[in-house]
Structure formats: C-alpha cells, structure tokens
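Asker: Contents of final-v6.csv (CSV, C-alpha atoms and all ligand atoms) are below:
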```csv
chain,number,residue,atom,x,y,z
A,26,MET,CA,-54.9,28.6,-25.5
A,27,ASN,CA,-51.3,28.5,-26.9
A,28,HIS,CA,-49.3,26.9,-24.2
A,29,SER,CA,-46.0,26.9,-25.9
A,30,LYS,CA,-45.0,30.6,-25.4
A,31,PHE,CA,-45.6,30.3,-21.7
A,32,LEU,CA,-43.7,27.0,-21.4
A,33,THR,CA,-40.8,28.7,-23.3
A,34,ARG,CA,-40.9,31.5,-20.8
A,35,CYS,CA,-40.6,28.8,-18.0
A,36,LEU,CA,-37.4,27.6,-19.7
A,37,GLN,CA,-36.0,31.2,-19.9
A,38,LEU,CA,-36.8,31.7,-16.2
A,39,ALA,CA,-35.3,28.3,-15.3
A,40,ASN,CA,-32.0,29.3,-17.0
A,41,TYR,CA,-31.6,32.2,-14.5
A,42,GLY,CA,-30.7,29.5,-12.0
A,43,ARG,CA,-27.9,28.0,-14.2
A,44,GLY,CA,-24.9,27.2,-12.1
A,45,THR,CA,-26.5,27.7,-8.6
A,46,THR,CA,-29.2,25.0,-8.3
A,47,SER,CA,-27.1,21.9,-8.1
A,48,PRO,CA,-27.9,19.2,-7.0
A,49,ASN,CA,-31.4,20.4,-7.7
A,50,PRO,CA,-32.7,21.0,-11.2
A,51,MET,CA,-33.3,24.4,-12.9
A,52,VAL,CA,-37.0,25.1,-12.9
A,53,GLY,CA,-39.1,28.0,-14.1
A,54,ALA,CA,-42.9,28.7,-13.5
A,55,VAL,CA,-45.4,31.2,-14.8
A,56,VAL,CA,-48.9,32.1,-13.6
A,57,VAL,CA,-51.2,33.2,-16.5
A,58,HIS,CA,-54.6,34.9,-16.1
A,59,ASN,CA,-56.8,35.4,-19.2
A,60,GLY,CA,-53.7,35.1,-21.4
A,61,VAL,CA,-51.6,37.6,-19.4
A,62,ILE,CA,-48.6,36.7,-17.2
A,63,ILE,CA,-49.4,37.8,-13.6
A,64,GLY,CA,-46.6,36.0,-11.8
A,65,GLU,CA,-43.2,34.4,-12.5
A,66,GLY,CA,-40.6,32.6,-10.6
A,67,TYR,CA,-37.6,30.3,-10.8
A,68,HIS,CA,-35.6,28.0,-8.5
A,69,ARG,CA,-32.4,29.9,-7.5
A,70,LYS,CA,-30.6,27.6,-5.1
A,71,ALA,CA,-31.0,24.2,-3.3
A,72,GLY,CA,-32.7,24.9,0.0
A,73,GLU,CA,-34.5,28.0,-1.3
A,74,PRO,CA,-38.1,28.0,-2.5
A,75,HIS,CA,-39.1,26.2,-5.6
A,76,ALA,CA,-40.1,27.9,-8.9
A,77,GLU,CA,-43.9,27.5,-8.3
A,78,VAL,CA,-43.6,29.1,-4.8
A,79,MET,CA,-41.7,32.1,-6.2
A,80,ALA,CA,-44.3,32.4,-9.1
A,81,ILE,CA,-47.3,32.2,-6.8
A,82,ARG,CA,-45.7,34.6,-4.3
A,83,SER,CA,-45.1,37.2,-7.0
A,84,VAL,CA,-48.9,37.4,-7.9
A,85,GLU,CA,-50.3,40.6,-6.4
A,86,ASN,CA,-53.9,39.6,-6.3
A,87,HIS,CA,-54.2,36.1,-5.0
A,88,ASP,CA,-57.9,36.0,-5.8
A,89,LEU,CA,-57.0,35.7,-9.5
A,90,LEU,CA,-55.2,32.3,-8.8
A,91,LYS,CA,-58.6,30.6,-8.9
A,92,GLN,CA,-59.0,31.5,-12.6
A,93,SER,CA,-55.4,31.1,-13.6
A,94,ILE,CA,-53.2,28.5,-15.3
A,95,LEU,CA,-49.9,27.6,-13.7
A,96,TYR,CA,-47.1,26.7,-16.2
A,97,CYS,CA,-44.0,24.9,-14.9
A,98,SER,CA,-41.0,23.3,-16.7
A,99,LEU,CA,-40.9,20.4,-14.2
A,100,GLU,CA,-43.7,18.4,-12.5
A,101,PRO,CA,-44.5,20.1,-9.1
A,102,CYS,CA,-42.8,18.2,-6.3
A,103,ALA,CA,-44.9,16.0,-3.9
A,104,HIS,CA,-42.4,15.5,-1.1
A,105,TYR,CA,-40.8,17.2,1.9
A,106,GLY,CA,-37.2,17.7,0.9
A,107,LYS,CA,-35.5,20.9,2.1
A,108,THR,CA,-38.8,22.6,1.2
A,109,PRO,CA,-42.5,21.6,1.4
A,110,PRO,CA,-44.4,20.0,-1.5
A,111,CYS,CA,-45.3,22.4,-4.3
A,112,CYS,CA,-48.4,20.4,-5.4
A,113,GLU,CA,-50.0,21.1,-2.0
A,114,LEU,CA,-49.4,24.8,-2.3
A,115,ILE,CA,-51.0,24.7,-5.8
A,116,SER,CA,-54.1,22.9,-4.7
A,117,SER,CA,-54.4,25.0,-1.5
A,118,HIS,CA,-54.6,28.1,-3.7
A,119,GLY,CA,-57.4,26.6,-5.8
A,120,ILE,CA,-55.4,26.9,-9.1
A,121,PRO,CA,-57.7,25.0,-11.6
A,122,HIS,CA,-55.2,24.2,-14.4
A,123,VAL,CA,-51.5,23.2,-14.5
A,124,VAL,CA,-49.3,22.7,-17.6
A,125,ILE,CA,-46.1,20.8,-17.1
A,126,GLY,CA,-42.9,20.6,-19.3
A,127,THR,CA,-41.9,17.1,-18.1
A,128,GLY,CA,-42.4,14.7,-15.2
A,129,ASP,CA,-39.9,14.7,-12.4
A,130,PRO,CA,-37.7,11.5,-12.3
A,131,HIS,CA,-37.0,12.0,-8.6
A,132,SER,CA,-38.2,8.7,-6.9
A,133,LYS,CA,-40.2,10.7,-4.3
A,134,VAL,CA,-42.0,12.6,-7.0
A,135,ASP,CA,-42.2,10.7,-10.3
A,136,GLY,CA,-46.0,11.1,-11.1
A,137,LYS,CA,-47.0,11.7,-7.4
A,138,GLY,CA,-47.2,15.5,-8.0
A,139,VAL,CA,-49.5,15.1,-11.0
A,140,ALA,CA,-51.6,12.5,-9.1
A,141,HIS,CA,-52.1,14.9,-6.2
A,142,LEU,CA,-53.2,17.7,-8.6
A,143,ARG,CA,-55.6,15.4,-10.5
A,144,ASN,CA,-57.0,14.0,-7.2
A,145,HIS,CA,-57.8,17.6,-6.2
A,146,GLY,CA,-59.8,18.1,-9.5
A,147,ILE,CA,-57.0,20.2,-11.2
A,148,LYS,CA,-56.7,19.9,-14.9
A,149,VAL,CA,-53.2,18.7,-15.8
A,150,GLU,CA,-51.6,18.9,-19.3
A,151,PHE,CA,-48.1,18.2,-20.5
A,152,ALA,CA,-46.0,19.9,-23.2
A,153,PRO,CA,-46.2,18.0,-26.6
A,154,SER,CA,-42.6,16.7,-26.1
A,155,PRO,CA,-40.6,16.5,-22.8
A,156,LYS,CA,-37.2,16.6,-24.7
A,157,VAL,CA,-36.1,20.2,-24.2
A,158,TYR,CA,-37.2,20.2,-20.5
A,159,ARG,CA,-35.1,17.1,-19.9
A,160,GLN,CA,-32.1,18.5,-21.8
A,161,LEU,CA,-32.2,21.6,-19.7
A,162,ASN,CA,-31.5,19.3,-16.7
A,163,GLU,CA,-29.4,16.5,-18.2
A,164,VAL,CA,-27.1,16.3,-15.2
A,165,PHE,CA,-30.0,16.0,-12.8
A,166,TRP,CA,-31.6,13.4,-15.1
A,167,THR,CA,-28.5,11.2,-15.2
A,168,ASN,CA,-28.2,11.5,-11.4
A,169,MET,CA,-31.8,10.5,-10.8
A,170,THR,CA,-32.3,7.8,-13.4
A,171,LYS,CA,-28.8,6.2,-13.4
A,172,ASN,CA,-27.9,6.9,-9.8
A,173,ARG,CA,-24.4,8.1,-10.8
A,174,PRO,CA,-22.7,11.4,-11.8
A,175,HIS,CA,-23.1,12.8,-15.3
A,176,PHE,CA,-19.9,12.3,-17.2
A,177,THR,CA,-18.6,14.7,-19.9
A,178,LEU,CA,-15.5,13.5,-21.8
A,179,LYS,CA,-13.1,15.9,-23.4
A,180,TRP,CA,-10.0,15.5,-25.5
A,181,ALA,CA,-8.0,17.0,-28.4
A,182,GLU,CA,-6.6,14.9,-31.2
A,183,ASN,CA,-4.8,15.7,-34.4
A,184,ASP,CA,-5.8,14.9,-37.9
A,185,SER,CA,-3.9,11.6,-37.8
A,186,GLY,CA,-6.0,10.5,-34.8
A,187,HIS,CA,-3.3,10.9,-32.1
A,188,ILE,CA,-3.8,12.5,-28.7
A,189,ASP,CA,0.0,12.5,-27.9
A,190,GLY,CA,3.3,11.4,-29.2
A,191,TYR,CA,5.2,8.6,-27.5
A,192,ARG,CA,7.3,10.2,-24.8
A,193,THR,CA,8.7,9.9,-21.3
A,194,ALA,CA,7.5,11.8,-18.2
A,195,GLU,CA,10.4,14.1,-18.6
A,196,GLU,CA,9.3,15.2,-22.1
A,197,LYS,CA,6.6,17.8,-22.6
A,198,ALA,CA,3.1,16.8,-23.8
A,199,LEU,CA,2.4,17.4,-27.5
A,200,SER,CA,0.5,20.6,-27.8
A,201,ILE,CA,-2.6,19.9,-30.0
A,202,SER,CA,-5.5,22.4,-29.7
A,203,GLY,CA,-5.3,26.1,-29.8
A,204,PRO,CA,-6.2,29.0,-27.4
A,205,LEU,CA,-10.0,29.1,-28.3
A,206,ALA,CA,-10.3,25.4,-27.5
A,207,ALA,CA,-8.5,26.1,-24.2
A,208,LEU,CA,-11.0,28.8,-23.3
A,209,ARG,CA,-13.9,26.5,-24.1
A,210,THR,CA,-12.3,23.8,-21.9
A,211,HIS,CA,-11.9,26.2,-19.0
A,212,GLN,CA,-15.5,27.3,-19.4
A,213,LEU,CA,-16.5,23.6,-19.1
A,214,ARG,CA,-14.2,23.2,-16.1
A,215,GLY,CA,-16.0,26.1,-14.4
A,216,SER,CA,-19.4,24.4,-14.9
A,217,VAL,CA,-18.6,20.9,-13.5
A,218,ASP,CA,-18.1,19.6,-9.9
A,219,GLY,CA,-15.1,17.3,-10.6
A,220,ILE,CA,-12.4,16.7,-13.1
A,221,LEU,CA,-11.1,13.1,-13.5
A,222,ILE,CA,-7.6,12.0,-14.7
A,223,SER,CA,-5.4,9.0,-14.3
A,224,SER,CA,-2.3,9.0,-12.1
A,225,LYS,CA,-0.3,8.4,-15.3
A,226,THR,CA,-1.6,11.7,-16.7
A,227,ALA,CA,-0.8,13.3,-13.3
A,228,CYS,CA,2.8,12.0,-13.4
A,229,PHE,CA,3.4,12.9,-17.1
A,230,ASP,CA,1.7,16.3,-17.3
A,231,ARG,CA,1.4,17.5,-13.7
A,232,PRO,CA,-1.7,19.5,-14.6
A,233,SER,CA,-3.1,22.2,-12.3
A,234,LEU,CA,-6.7,21.2,-13.2
A,235,THR,CA,-8.0,24.7,-12.4
A,236,THR,CA,-10.4,27.1,-14.1
A,237,ARG,CA,-7.9,29.8,-15.0
A,238,LYS,CA,-9.1,31.1,-18.3
A,239,TRP,CA,-12.7,31.5,-17.5
A,240,SER,CA,-14.8,32.6,-14.5
A,241,GLY,CA,-16.1,29.9,-12.1
A,242,GLN,CA,-14.8,27.6,-9.4
A,243,SER,CA,-12.1,25.1,-10.0
A,244,PRO,CA,-13.5,21.5,-9.9
A,245,THR,CA,-12.5,18.9,-7.4
A,246,PRO,CA,-9.7,16.7,-8.9
A,247,ILE,CA,-10.5,13.0,-9.0
A,248,ILE,CA,-7.4,10.9,-9.6
A,249,LEU,CA,-7.5,7.2,-10.5
A,250,LEU,CA,-4.4,5.6,-9.0
A,251,SER,CA,-2.5,3.1,-11.0
A,252,GLN,CA,0.3,1.2,-9.2
A,253,ASP,CA,2.7,1.8,-12.1
A,254,PHE,CA,2.3,5.6,-11.6
A,255,PRO,CA,2.4,6.6,-7.9
A,256,LEU,CA,1.4,10.2,-7.2
A,257,GLN,CA,4.0,12.7,-6.3
A,258,ARG,CA,3.3,14.4,-3.0
A,259,GLU,CA,4.7,17.7,-4.3
A,260,TRP,CA,2.1,17.7,-7.1
A,261,LEU,CA,-0.7,16.7,-4.8
A,262,ALA,CA,0.1,19.5,-2.4
A,263,SER,CA,0.2,22.0,-5.2
A,264,LEU,CA,-3.4,21.4,-6.2
A,265,ALA,CA,-5.8,24.3,-5.7
A,266,VAL,CA,-8.6,22.0,-4.5
A,267,GLN,CA,-8.2,19.0,-2.2
A,268,PRO,CA,-8.4,15.9,-4.5
A,269,ILE,CA,-10.3,12.7,-4.2
A,270,ILE,CA,-8.3,9.6,-4.9
A,271,ILE,CA,-9.6,6.3,-6.2
A,272,GLY,CA,-7.3,3.4,-5.6
A,273,ASN,CA,-6.0,0.5,-3.5
A,274,LYS,CA,-3.4,2.4,-1.4
A,275,LEU,CA,-4.6,6.0,-0.8
A,276,PRO,CA,-1.8,8.4,0.2
A,277,GLN,CA,-2.0,9.4,3.8
A,278,GLY,CA,-4.0,12.6,4.5
A,279,TYR,CA,-6.1,12.3,1.4
A,280,SER,CA,-9.7,11.2,1.1
A,281,GLY,CA,-11.1,9.0,-1.6
A,282,ILE,CA,-12.5,5.5,-2.3
A,283,ASN,CA,-10.4,2.5,-1.5
A,284,CYS,CA,-11.0,0.0,-4.3
A,285,ASP,CA,-9.5,-1.2,-7.6
A,286,PRO,CA,-10.1,1.8,-10.0
A,287,ARG,CA,-10.5,-0.6,-12.9
A,288,ASN,CA,-13.8,-1.8,-11.5
A,289,LEU,CA,-15.8,1.3,-12.4
A,290,ASP,CA,-19.0,-0.2,-10.9
A,291,GLN,CA,-17.4,-0.1,-7.4
A,292,TRP,CA,-16.7,3.6,-7.3
A,293,VAL,CA,-18.6,5.5,-9.9
A,294,PRO,CA,-22.0,5.7,-8.0
A,295,LYS,CA,-20.1,6.6,-4.7
A,296,LEU,CA,-18.9,9.9,-6.3
A,297,LEU,CA,-22.4,11.2,-5.7
A,298,ASP,CA,-21.8,11.0,-1.9
A,299,PHE,CA,-19.0,13.6,-2.4
A,300,GLY,CA,-21.4,16.0,-4.1
A,301,LEU,CA,-19.9,15.3,-7.5
A,302,ASN,CA,-22.9,15.4,-9.8
A,303,HIS,CA,-21.2,16.4,-13.0
A,304,ILE,CA,-17.6,15.2,-13.8
A,305,LEU,CA,-15.4,16.2,-16.6
A,306,VAL,CA,-13.1,13.3,-17.7
A,307,GLU,CA,-9.9,14.7,-19.2
A,308,GLY,CA,-7.8,11.6,-19.7
A,309,GLY,CA,-5.7,9.9,-20.6
A,310,ALA,CA,-6.8,7.8,-23.6
A,311,ARG,CA,-7.3,4.6,-21.8
A,312,ILE,CA,-9.6,6.1,-19.2
A,313,LEU,CA,-11.6,7.9,-21.9
A,314,GLN,CA,-12.0,4.7,-23.8
A,315,SER,CA,-13.1,2.8,-20.7
A,316,PHE,CA,-15.8,5.4,-20.0
A,317,ILE,CA,-17.0,5.1,-23.6
A,318,ASP,CA,-16.9,1.3,-23.5
A,319,SER,CA,-18.8,1.2,-20.2
A,320,ASN,CA,-21.6,3.4,-21.6
A,321,LEU,CA,-20.7,6.2,-19.2
A,322,ALA,CA,-19.9,8.8,-21.8
A,323,ASP,CA,-23.0,11.0,-21.4
A,324,SER,CA,-21.5,13.8,-23.5
A,325,ILE,CA,-18.3,14.0,-25.6
A,326,HIS,CA,-16.4,17.2,-26.5
A,327,LYS,CA,-13.6,16.7,-29.1
A,328,TYR,CA,-11.2,19.1,-30.7
A,329,ILE,CA,-9.4,18.1,-33.9
A,330,SER,CA,-6.3,20.0,-35.1
A,331,LYS,CA,-4.9,20.0,-38.6
A,332,ASP,CA,-1.5,18.6,-37.6
A,333,GLN,CA,-0.4,15.1,-38.6
A,334,LEU,CA,1.8,12.7,-36.6
A,335,GLU,CA,3.4,9.6,-38.0
A,336,ASP,CA,3.0,7.6,-34.8
A,337,GLY,CA,1.8,8.2,-31.3
A,338,VAL,CA,-0.9,7.5,-28.7
A,339,ASN,CA,-4.2,6.7,-30.5
A,340,ALA,CA,-7.2,8.8,-29.6
A,341,PRO,CA,-10.2,7.1,-28.1
A,342,GLU,CA,-12.7,5.6,-30.6
A,343,ALA,CA,-15.8,7.7,-30.2
A,344,PRO,CA,-19.3,7.3,-31.5
A,345,LYS,CA,-20.3,9.6,-34.3
A,346,LEU,CA,-20.1,13.3,-33.2
A,347,THR,CA,-21.6,16.5,-34.7
A,348,THR,CA,-19.4,19.4,-35.8
A,349,LEU,CA,-20.4,22.4,-33.7
A,350,ALA,CA,-17.9,25.1,-34.6
A,351,GLN,CA,-14.5,25.9,-36.0
A,352,LEU,CA,-12.4,27.3,-33.1
A,353,GLY,CA,-9.4,28.8,-34.7
A,354,ASN,CA,-7.5,25.9,-36.3
A,355,ASP,CA,-9.5,23.3,-34.4
A,356,ARG,CA,-12.7,21.6,-35.4
A,357,TYR,CA,-15.0,21.4,-32.3
A,358,GLU,CA,-17.2,18.2,-32.3
A,359,ARG,CA,-19.8,17.1,-29.7
A,360,SER,CA,-22.1,14.2,-29.1
B,401,LIG,C1,-40.4,21.7,-8.1
B,401,LIG,N1,-40.0,23.0,-8.3
B,401,LIG,O1,-38.5,24.5,-8.6
B,401,LIG,C2,-37.7,22.4,-8.1
B,401,LIG,C3,-38.1,21.0,-7.9
B,401,LIG,O2,-34.9,19.6,-1.2
B,401,LIG,P1,-36.0,20.3,-2.0
B,401,LIG,O3,-37.3,20.5,-1.2
B,401,LIG,O4,-35.5,21.6,-2.6
B,401,LIG,O5,-36.4,19.3,-3.2
B,401,LIG,C4,-35.5,19.0,-4.2
B,401,LIG,C5,-36.2,18.2,-5.2
B,401,LIG,O6,-37.4,18.8,-5.7
B,401,LIG,C6,-35.4,17.9,-6.5
B,401,LIG,O7,-34.6,16.8,-6.4
B,401,LIG,C7,-36.4,17.8,-7.6
B,401,LIG,O8,-37.0,16.5,-7.6
B,401,LIG,C8,-37.5,18.8,-7.1
B,401,LIG,N2,-37.2,20.1,-7.7
B,401,LIG,N3,-39.4,20.7,-7.9
B,401,LIG,O9,-41.5,21.4,-8.0
B,401,LIG,C9,-38.7,23.4,-8.4
B,401,LIG,N4,-36.4,22.7,-8.1
B,402,ZN,ZN,-41.4,21.9,-5.4
```
For the structure just supplied, provide its representation as structure tokens.
Answerer:
Amino acid sequence: MNHSKFLTRCLQLANYGRGTTSPNPMVGAVVVHNGVIIGEGYHRKAGEPHAEVMAIRSVENHDLLKQSILYCSLEPCAHYGKTPPCCELISSHGIPHVVIGTGDPHSKVDGKGVAHLRNHGIKVEFAPSPKVYRQLNEVFWTNMTKNRPHFTLKWAENDSGHIDGYRTAEEKALSISGPLAALRTHQLRGSVDGILISSKTACFDRPSLTTRKWSGQSPTPIILLSQDFPLQREWLASLAVQPIIIGNKLPQGYSGINCDPRNLDQWVPKLLDFGLNHILVEGGARILQSFIDSNLADSIHKYISKDQLEDGVNAPEAPKLTTLAQLGNDRYERS
C-alpha cells in the first residue's frame, strides 16, 4: 500500500483549518478502504471535533471501518481536553490499522495515543519522516516543546546594512522597503496573535501596528517599556487593539507584566497566558538582536533594499538566510 498519497491528502485537509485552529494544531484525517477514500475530515476550530472524529463521521457505511486504514497527520489524542480522546473512538470502531504523520508533543498525548492503539491490537505505522507534519504546525510545536510563544522576527535593511538613519523622534523614519514588502508584512501581521516593539520605536515612529493592507485581524500590540522612552498616552489610546505592556511601571488602565523587560526569561513564557501563541517582533534593532542572541528567533523575515547609507543604525546580525523572492526592488530573505 502506498501510504504517501493519503498522508499528503491529510496535509491538504489540515490546511483547510489554517488561521482558525489556534491554540490547537491543524490536523487532517482520511479513512481508506481497499485503496479508496471513504471518509475525510479536518480540525476546524479549538473546541470543535478533531480531524479523526470528522473523518469517521463522514463514512457512510460504518461496517467498512473494520477493514479500513485511518490516516492522520498527527497522532490521535489520548486525553480529555475540550473534546474526548480520539484514540478511544478509533479502537471502539474496530479500525485495524492507523498511519500517522508525526507524534503529538502535547504532554498529555506524546506517545499515549499510539500506546492505546497498539494495546488494542491496532497496527500503527508512521510516515517515513515527520518533518513536513511538524512544519505544518511549527507554532504549536514551539508552544508545546519550549513552553513559550513562537517568535517571527521581521525587519528591512538597506544594502549598506542599516535599518534607519540617526535621527530624533521629530524626524521621520527612513523609508527602506517598498509596497510589495509592506503587503507581505501585513499578511504576516494578519496571521499572528501579537506584535512586539520597544517603547523607543513607539515614541519615534508612533506605529498603528494594524493589519491594514491585507485581510485578517490586527494583532495585539506588546510594548517593552524602557524608562528612557515613556509611552505617550495619546498614542496608546489611538491603538486599534488594547496593548499589553511589559515593564516596571505599567501605565494606569493597561494590563501587562510587571518586570524588567531586559530579563526575557521573566516574561516570555507568560505571554502564553494572554493567548499569544505566535508573535511578530518588529523592532527596533536592539530588541531584534536580543531575540536572536537569546535563541528566540524561530523564524526571520528580512527585506534588503538597494539603497546605501553612509552611516546609521546597524541592522541586527542574523544567521544565514535563504533568498525567497524579489519583491519589487527588495530582496526577500527568510530563515
Ligand atoms: C487529534 N486530532 O484533530 C487535533 C488534535 O481541547 P481539545 O480536546 O481540542 O484537545 C486539544 C489537543 O489535542 C491539542 O493541544 C493537540 O494536542 C491535540 N489536537 N489531536 O487527535 C486533532 N486537533
Ligand atoms: Zn483528538
């Protein structure tokens, strides 16, 4: 039996849940009888049925389940979360054979789903490599295995390696990347839960931090408070989404985490409590560098324009990136 095409179908199905499953992973499942797909399903939203449940429910003749193979992109769960364990549903239907893309890193599952199936005499096989099934849910993976949000870093620099000129808060920021890069950035903003900047960037640029140029929700602003750059109430009040502030003296009426923002260990894991599973770090340079140096840069998106500047604020030093595309005049690189 060629498992790969059915596992690929699981990935396609899982992708239908993109953008709506968080904090849960995207998962797809397929029921195959004598080489023919007789049921399909995917996980649509946290709190709603899992992919395996949807796939089994979609099979018209349940008698066929006893001679079918169930394919799923993620190990069937073994715990009562918002929904009951999928592994029990599978064994109760007498499905004799299950093929899985990758194990589930959730501490309440992590092999227990597979153990339940094998203990019930079910043959369990895995995809030859778990890589693509993990990549599909990289945010979930970071959340589960590192107990912190997944961080995507983004900046634009020019050909001389500067992200800005030297300037005062009254002077406008140097415009570096073009309109296509801006579209991509807004697409990214529409796919994350939070967007993180320093209070220096807030004071200098007064950014709106919204998803204006793409569809999707605007992320929650997360602002790292530096004593040298107090936040202006007017700017805070202008934000489309109520921000979360990290710092020693939180402004009245705003929630956040009371701590020294330079100690990343103190506040980074706590962001999960605010439902911030995926965070876009947009600057400035010092914050971006501290995320890279602390091994928190899970993904980097960088735009490089053709302009040169004699002197200015140095861009962060990034690990080697891969060129993905030319977006107008900007080279788009990613880790
Ligand atoms: C599966 N199939 O389609 C998904 C799974 O609160 P619950 O009950 O929805 O459980 C959420 C956890 O279940 C989630 O953290 C992950 O470990 C697993 N997700 N498992 O068998 C699915 N979405
Ligand atoms: Zn499940």
Asker: Using all atoms listed in the file, find each protein or nucleic acid residue lying at most 6 Å from ligand LIG 401 (chain B); present the set as a count of residues only.
Answerer: 21
Asker: Which residues are near Val338 of chain A? Cut-off 10 Å, all atoms listed in the file, ignore same chain within fewer than 2 positions. Put them as a ChimeraX atom specification.
Answerer: /A:182,186-192,309-311,334,336,340-341
Asker: Atom CA of Ala194 of chain A and atom CA of His211 of chain A are how many Å apart?
Answerer: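 One can read the atom CA of Ala194 of chain A to atom CA of His211 of chain A distance as 24.2 Å.
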Asker: For Val61 of chain A, work out the shell of residues within 10 Å, counting all atoms listed in the file and skipping chain neighbours fewer than 5 positions away, then give it as a ChimeraX atom specification.
Answerer: /A:31,56,93
Asker: Write a file of the just-selected residues containing C-alpha atoms, as an mmCIF file, in the coordinates of the input.
Answerer:
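Saved the output as part13.cif:
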```cif
data_model
loop_
_atom_site.group_PDB
_atom_site.id
_atom_site.type_symbol
_atom_site.label_atom_id
_atom_site.label_comp_id
_atom_site.auth_asym_id
_atom_site.auth_seq_id
_atom_site.Cartn_x
_atom_site.Cartn_y
_atom_site.Cartn_z
ATOM 1 C CA PHE A 31 -45.600 30.300 -21.700
ATOM 2 C CA VAL A 56 -48.900 32.100 -13.600
ATOM 3 C CA SER A 93 -55.400 31.100 -13.600
#
```
Asker: Which residue is closest to Gln212 of chain A? Choose from A:His122, A:Arg237, A:His326, A:Arg43 and count all atoms listed in the file.
Answerer: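 Using all atoms listed in the file, the shortest distance to Gln212 of chain A belongs to A:Arg237.
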Asker: Calculate how many Å separate atom CA of Gly281 of chain A from atom CA of Thr193 of chain A, rounding to one decimal.
Answerer: 27.9 Å
Asker: For a test of reading the model, state the distance in Å between atom CA of Arg209 of chain A and atom CA of Ser324 of chain A, rounded to one decimal.
Answerer: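 Straight-line distance from atom CA of Arg209 of chain A to atom CA of Ser324 of chain A works out to 14.8 Å.
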Asker: Just checking: using all atoms listed in the file, which residue out of A:Phe151, A:Asp88, A:Ser98, A:Arg34 ends up closest to ligand ZN 402 (chain B)?
Answerer: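 Between A:Phe151, A:Asp88, A:Ser98, A:Arg34, the residue approaching ligand ZN 402 (chain B) most closely is A:Ser98.
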Asker: Which of these, A:Lys30, A:Thr235, A:Ile304, A:Cys284, has the shortest distance to Gln267 of chain A once you count all atoms listed in the file?
Answerer: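 Among the listed residues, A:Thr235 lies closest to Gln267 of chain A.
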Asker: Go through A:Leu95, A:Val84, A:His141, A:Ala343 one by one, measure the shortest atom-to-atom distance of each to Cys112 of chain A using only C-alpha atoms, and give the residue with the smallest value.
Answerer: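 For Cys112 of chain A, the nearest of the candidates is A:His141.
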Asker: With distances taken over only C-alpha atoms, which of A:Leu352, A:Leu38, A:Lys156, A:Glu73 is nearest to Ala207 of chain A?
Answerer: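 Smallest separation from Ala207 of chain A among the options: A:Leu352.
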Asker: Just want the 9 Å neighbourhood of Asp230 of chain A, counted on all atoms listed in the file, with same-chain residues fewer than 5 positions away dropped. Output as a ChimeraX atom specification.
Answerer: /A:194,197-198,225
Asker: Can you list, as a list of chain:residue names, every protein, DNA or RNA residue that comes within 12 Å of Ser360 of chain A when you count only C-alpha atoms, leaving out same-chain residues fewer than 5 positions away?
Answerer: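 These residues fall inside the cut-off: A:Thr177, A:Leu178, A:Lys179, A:Ile317, A:Ala322, A:Asp323, A:Ser324, A:Ile325, A:His326, A:Lys327, A:Ala343, A:Pro344, A:Lys345, A:Leu346, A:Thr347, A:Thr348, A:Leu349.
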Asker: Have a look at A:Leu213, A:Val293, A:Val78, A:Asp332 and name the one nearest to ligand ZN 402 (chain B); count all atoms listed in the file.
Answerer: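 Ranked by minimum distance to ligand ZN 402 (chain B), first place goes to A:Val78.
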Asker: Tell me which protein, DNA and RNA residues are within 8 Å of Ile247 of chain A, counting only C-alpha atoms, leaving out same-chain ones fewer than 5 positions away, and put them as an NGL selection string.
Answerer: :A and (219-222 or 268-271)
Asker: For segment 59-64 of chain A, supply all heavy atoms and report the output as a short mmCIF file (atom, residue, chain, number, x, y, z; two decimals), keeping the file's coordinate frame.
Answerer:
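Saved file result-v4.cif follows:
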```
data_model
loop_
_atom_site.label_atom_id
_atom_site.label_comp_id
_atom_site.auth_asym_id
_atom_site.auth_seq_id
_atom_site.Cartn_x
_atom_site.Cartn_y
_atom_site.Cartn_z
N ASN A 59 -56.18 34.90 -17.98
CA ASN A 59 -56.80 35.40 -19.20
C ASN A 59 -55.68 35.76 -20.28
O ASN A 59 -55.71 36.82 -20.91
CB ASN A 59 -57.58 36.68 -18.97
CG ASN A 59 -58.94 36.33 -18.39
OD1 ASN A 59 -59.38 35.17 -18.50
ND2 ASN A 59 -59.59 37.30 -17.77
N GLY A 60 -54.70 34.89 -20.41
CA GLY A 60 -53.70 35.10 -21.40
C GLY A 60 -52.57 36.08 -21.05
O GLY A 60 -51.68 36.38 -21.85
N VAL A 61 -52.62 36.60 -19.81
CA VAL A 61 -51.60 37.60 -19.40
C VAL A 61 -50.82 37.02 -18.21
O VAL A 61 -51.40 36.45 -17.27
CB VAL A 61 -52.34 38.91 -18.92
CG1 VAL A 61 -51.33 39.92 -18.38
CG2 VAL A 61 -53.14 39.50 -20.08
N ILE A 62 -49.50 37.18 -18.29
CA ILE A 62 -48.60 36.70 -17.20
C ILE A 62 -48.83 37.60 -15.98
O ILE A 62 -48.61 38.80 -16.06
CB ILE A 62 -47.16 36.66 -17.64
CG1 ILE A 62 -46.96 35.61 -18.73
CG2 ILE A 62 -46.25 36.39 -16.45
CD1 ILE A 62 -45.55 35.49 -19.26
N ILE A 63 -49.24 36.99 -14.85
CA ILE A 63 -49.40 37.80 -13.60
C ILE A 63 -48.43 37.38 -12.53
O ILE A 63 -48.41 37.97 -11.46
CB ILE A 63 -50.88 37.74 -13.09
CG1 ILE A 63 -51.28 36.28 -12.79
CG2 ILE A 63 -51.85 38.40 -14.06
CD1 ILE A 63 -52.54 36.17 -11.93
N GLY A 64 -47.62 36.37 -12.83
CA GLY A 64 -46.60 36.00 -11.80
C GLY A 64 -45.56 35.09 -12.49
O GLY A 64 -45.84 34.35 -13.44
#
```
